[in-house]
Amino acid sequence: MLAFIFSGEMIVYNSSKKVIIRAGEAAFIRKNHLVHKIKQPIGTTPFSGVFLHLDSRLMKQIASLIIIPNIEVDEKIGGQLYIPIEKNDFISGYFRSLDKYFTEGNTPSRELMKVKLLEMLIILLEQKPQLVPMLFDYTTTWRTDLMEFMNENYLSELSIEEFAHYSGRSLSSFKREFAELSGGDTPARWIMRKRLDAAMTMLRKGISASEVYVQVGFKNLSHFSTAFKKHFGITPSQILNTV
């Protein structure tokens, strides 16, 4: 994934490291390397960013259009939580042009996105050639213990399709196996319940609802408060008032 932060900041972390990506910074996160992301405003400035998920199938098509240099894996950058992309006019200009496609209410076609992705890859090949072995890595993902994977990553900002992908399964096999292991529950209901239980724990520690909803993966405070009350029969503010 490639990310560019326009405003606010994004915290990226795993079990052992945590870093902050700030406004004006670009970053690359390699495949098969699951990290948690928290996007948050700074004061009254909202969070805004653009994220490019580099699908292996699309990357293969792009690779046939350009000459890819033969560069060996750099173990030093490969072990980082994320790989910063140095600030320059090419990178910032690219992401600002891409942002206009979405902020102006238009959804770019797949063919247009392919062209824009090709543009980004050419920029990266010139600016950050060390990324070549990771950008054009087509190996399949690992297949991990499903419930262990879900319990470790239910706070991650992933769709159900991405949970399936990163656990090493097709969407159909992921849903089928999950139903067997969870006693017939759906992934979406299970994730919601786990996130709300985590929110309850945080609220009981005195953490404000405006901080909690972001950390447990909700898009806004209103949606979080509604889901919380539906699940527990009490509002987040009522929990805080008893702390």
# chains A, B, ... in the order shown; residues from 1 in each chain; ligands from 1
$ residues_around --residues "A:His231" --least-positions-apart "4" --cutoff "10 Å" --atoms "only C-alpha atoms" --output "list in words"
Met192, Arg193, Leu196, Asp197, Ser225, Thr226, Ala227 and Thr235 of chain A
$ residues_around --residues "stretch 185-190 of chain A" --least-positions-apart "6" --cutoff "8 Å" --atoms "only C-alpha atoms" --output "list in words"
Ile160, Lys175, Phe178 and Ala179 of chain A
$ write_last_selection --atoms "N, CA, C and O atoms" --output "compact mmCIF listing (two decimals), in the first residue's frame"
# COMPACT_ATOMS: atom_id res chain seq x y z
N ILE A 160 -14.10 -7.18 4.83
CA ILE A 160 -14.18 -8.64 4.98
C ILE A 160 -13.35 -9.32 3.90
O ILE A 160 -12.67 -10.32 4.16
N LYS A 175 -15.41 -17.27 4.76
CA LYS A 175 -16.73 -17.21 5.40
C LYS A 175 -17.17 -18.57 5.89
O LYS A 175 -17.74 -18.70 6.99
N PHE A 178 -15.01 -19.54 8.93
CA PHE A 178 -15.33 -18.69 10.07
C PHE A 178 -16.63 -19.11 10.72
O PHE A 178 -16.75 -19.17 11.95
N ALA A 179 -17.63 -19.43 9.89
CA ALA A 179 -18.93 -19.86 10.43
C ALA A 179 -18.78 -21.14 11.24
O ALA A 179 -19.40 -21.31 12.30
$ atom_distance --atom1 "atom CA of A:Tyr101" --atom2 "atom CA of A:Lys60"
24.2 Å
$ atom_distance --atom1 "atom CA of A:Phe95" --atom2 "atom CA of A:Phe4"
6.8 Å
$ select_by_dssp --residues "stretch 68-241 of chain A" --states "alpha helix (DSSP H)" --output "MDAnalysis selection string"
chainID A and resid 75:78 89:103 110:127 132:135 146:153 160:166 171:181 187:204 209:215 221:232 236:241
